[in-house]
Structures are given as structure tokens and as C-alpha cells.
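These notes are about the structure you will find just below.
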Amino acid sequence: QVRLVESGGGSVQAGGSLTLSCRASGLAASTSCLAWFRQAPGKEREGIAVLGSGGRSDYADPVKGRFTISKDNNKNTLYLELNSLKPEDTAMYYCAADRYCVFRGLLGWAAGDRRIYWGQGTQVTVSS
């Protein structure tokens, strides 16, 4: 059974930093495509960073240069480093995984795709 558990969210002031973690079980990070999404109140869920099994990554324009996605295969854990945070980054952040995958682009993570697993989310709140 695949399980994804996010942690590391919290409340920070604008300009601050956080590192989110997503601990995975039931899959191997080394063979999985992994991703971070976020959903702000009243808005649709958006993909912000993706990481292929071989290390290829991509980012949404609003977070390029500020956020960094990475993984530790030995710990089966996905990370998202958030720097230079802005109030508009306030959202619930979710990790997602496709167990046997080389790369999925930002638009390739449909909510109804049964190959994709989702975590429960961790809240990030950025105050001005």
C-alpha cells in the first residue's frame, strides 16, 4: 500500500524559508516520478515542481528560482525547499507520486489518474 506523508509546513514571514518533506512508503523513490502541488483557498490545485526518477526536474514559473525539489532515495523521502516566500505562496502543499515512471511534466498529473498517489497535505502560511 502506497502512503505519502507530508511534514514541515508552518507559518513564516515574507522572505522566510521552509523545507517540506514527503515520506513515502510502498514505493521506491528511485523508480518513481514525484511532484509537489499546492492549493490556495478558492483556487484550483496547481503543480509547482516535478522530479523524474532519474533526477530531471521542472518548476512552475511562479516558483522558479525560489523553490528546489529534491529527493533522498535511501530515505524514500521527497523534499521541497521554499525560499524567498511571498504571501501568495500561502496554500496547502501536497506531494504526489507515480511508482513506475521516468518523467511526468507539470501538466501530466490528472487528479483522476489511478496511477498517481497523493498525500494529505501540509499547510504553509506566509504573512506580510
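We label chains A, B, ... in the order they appear in the C-alpha cells, count residues from 1 in each chain, and number ligands from 1 in the order shown.
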TODO: Within 10 Å of Gly108 in chain A, counting only C-alpha atoms, which residues show up once you throw out same-chain ones fewer than 5 positions away? Write them as a list in words, please.
DONE: Gly47, Val50, Phe103 and Asp113 of chain A
Expected file contents, prior selection, N, CA, C and O atoms, as an mmCIF file, in the first residue's frame:
data_model
loop_
_atom_site.group_PDB
_atom_site.id
_atom_site.type_symbol
_atom_site.label_atom_id
_atom_site.label_comp_id
_atom_site.auth_asym_id
_atom_site.auth_seq_id
_atom_site.Cartn_x
_atom_site.Cartn_y
_atom_site.Cartn_z
ATOM 1 N N GLY A 47 0.308 22.337 -10.016
ATOM 2 C CA GLY A 47 1.606 21.691 -9.920
ATOM 3 C C GLY A 47 2.695 22.738 -9.870
ATOM 4 O O GLY A 47 2.679 23.687 -10.669
ATOM 5 N N VAL A 50 8.224 19.173 -10.251
ATOM 6 C CA VAL A 50 8.212 17.742 -10.549
ATOM 7 C C VAL A 50 9.631 17.229 -10.627
ATOM 8 O O VAL A 50 10.561 17.974 -10.967
ATOM 9 N N PHE A 103 9.464 10.266 -16.227
ATOM 10 C CA PHE A 103 9.219 11.704 -16.050
ATOM 11 C C PHE A 103 7.781 12.026 -16.386
ATOM 12 O O PHE A 103 7.231 11.513 -17.354
ATOM 13 N N ASP A 113 -6.186 10.196 -12.294
ATOM 14 C CA ASP A 113 -5.274 9.154 -12.765
ATOM 15 C C ASP A 113 -4.991 8.169 -11.638
ATOM 16 O O ASP A 113 -4.419 8.545 -10.606
#
Give me the residues within 10 Å of Asn74 in chain A as a PDB file with all heavy atoms, in the first residue's frame, counting only C-alpha atoms and dropping any in the same chain fewer than 5 places off.
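Wrote it out as out_25.pdb, contents follow:
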ATOM      1  N   ALA A  28       9.296   2.953  -4.282  1.00  0.00           N
ATOM      2  CA  ALA A  28      10.708   3.319  -4.246  1.00  0.00           C
ATOM      3  C   ALA A  28      10.893   4.663  -4.926  1.00  0.00           C
ATOM      4  O   ALA A  28      10.527   4.825  -6.101  1.00  0.00           O
ATOM      5  CB  ALA A  28      11.546   2.256  -4.949  1.00  0.00           C
ATOM      6  N   ALA A  29      11.438   5.605  -4.209  1.00  0.00           N
ATOM      7  CA  ALA A  29      11.671   6.930  -4.788  1.00  0.00           C
ATOM      8  C   ALA A  29      12.567   6.855  -6.016  1.00  0.00           C
ATOM      9  O   ALA A  29      12.453   7.662  -6.930  1.00  0.00           O
ATOM     10  CB  ALA A  29      12.274   7.859  -3.735  1.00  0.00           C
ATOM     11  N   SER A  30      13.445   5.858  -6.043  1.00  0.00           N
ATOM     12  CA  SER A  30      14.401   5.735  -7.143  1.00  0.00           C
ATOM     13  C   SER A  30      13.740   5.408  -8.472  1.00  0.00           C
ATOM     14  O   SER A  30      14.318   5.672  -9.528  1.00  0.00           O
ATOM     15  CB  SER A  30      15.451   4.677  -6.810  1.00  0.00           C
ATOM     16  OG  SER A  30      14.820   3.426  -6.596  1.00  0.00           O
TER      17      SER A  30
END
Task: Nearest candidate to Pro87 in chain A (options A:Gly105, A:Gly121, A:Gly42, A:Gly16; using only C-alpha atoms) - done: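 The closest residue to Pro87 in chain A is A:Gly16.
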Task: Among the residues A:Asp58, A:Glu81, A:Glu46, A:Asp72, the one that comes closest to Gly9 in chain A [using only C-alpha atoms] - done: A:Glu81
- [ ] Could you please write out, as a ChimeraX atom specification, every residue of chain A that DSSP assigns to strand (DSSP E)?
- [x] /A:3-7,10-13,18-25,33-39,46-51,57-59,67-72,77-82,91-98,116-118,122-127
Task: Exercise: Lys64 in chain A partners within 12 Å, only C-alpha atoms, chain neighbours under 2 positions left out, as a list in words - done: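 That gives Ile48, Ala49, Val50, Ser57, Asp58, Tyr59, Ala60, Asp61, Pro62, Arg66, Phe67, Thr68, Ile69, Glu81, Leu82, Asn83, Ser84 and Leu85 of chain A.
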Task: Contacts of Trp109 in chain A at 9 Å (only C-alpha atoms; same-chain gap of 6+ positions) as a list in words - done: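 Surrounding residues, per the criterion: Ala35, Gly47, Ala96, Asp98 and Ile116 of chain A.
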Open item on the list: From a backbone DSSP assignment, name each residue in range 20-127 of chain A labelled helix (DSSP H, G or I), as a list in words.
Closed with: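 So, restricting range 20-127 of chain A to helix (DSSP H, G or I), we get Ala29, Ser30, Thr31, Asp61, Pro62, Val63, Pro87, Glu88 and Asp89 of chain A.
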Open item on the list: What's around Pro41 in chain A at 10 Å? Count only C-alpha atoms, leave out sequence neighbours fewer than 4 positions away in its own chain, and write the answer as a PyMOL selection string.
Closed with: chain A and resi 45+90-92
Open item on the list: Show me, as JSON, numbers by chain, the residues that have an atom within 7 Å of Arg3 in chain A when counting only C-alpha atoms, minus same-chain residues fewer than 5 positions from it.
Closed with: {"A": [24, 25, 26]}
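Ranking A:Lys75, A:Arg99, A:Arg56, A:Arg38 by their shortest atom-to-atom distance to Thr122 in chain A, with only C-alpha atoms included, puts A:Arg38 first.
The nearest approach to Val12 in chain A among the residues A:Arg114, A:Asp89, A:Gly54, A:Tyr94, with only C-alpha atoms taken into account, belongs to A:Asp89.
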Open item on the list: Please report the interatomic distance between CA of Arg23 in chain A and CA of Thr77 in chain A in Å with one decimal.
Closed with: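 Between CA of Arg23 in chain A and CA of Thr77 in chain A the gap is 4.5 Å.
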Task: Among listed residues A:Val124, A:Asn76, A:Phe37, A:Gly52, nearest Ala111 in chain A (using only C-alpha atoms) - done: A:Phe37
TODO: Would you mind listing what lies within 8 Å of Ser127 in chain A as number ranges by chain, with only C-alpha atoms counted and same-chain residues fewer than 2 positions away left out?
DONE: A: 11-14, 86-87, 125
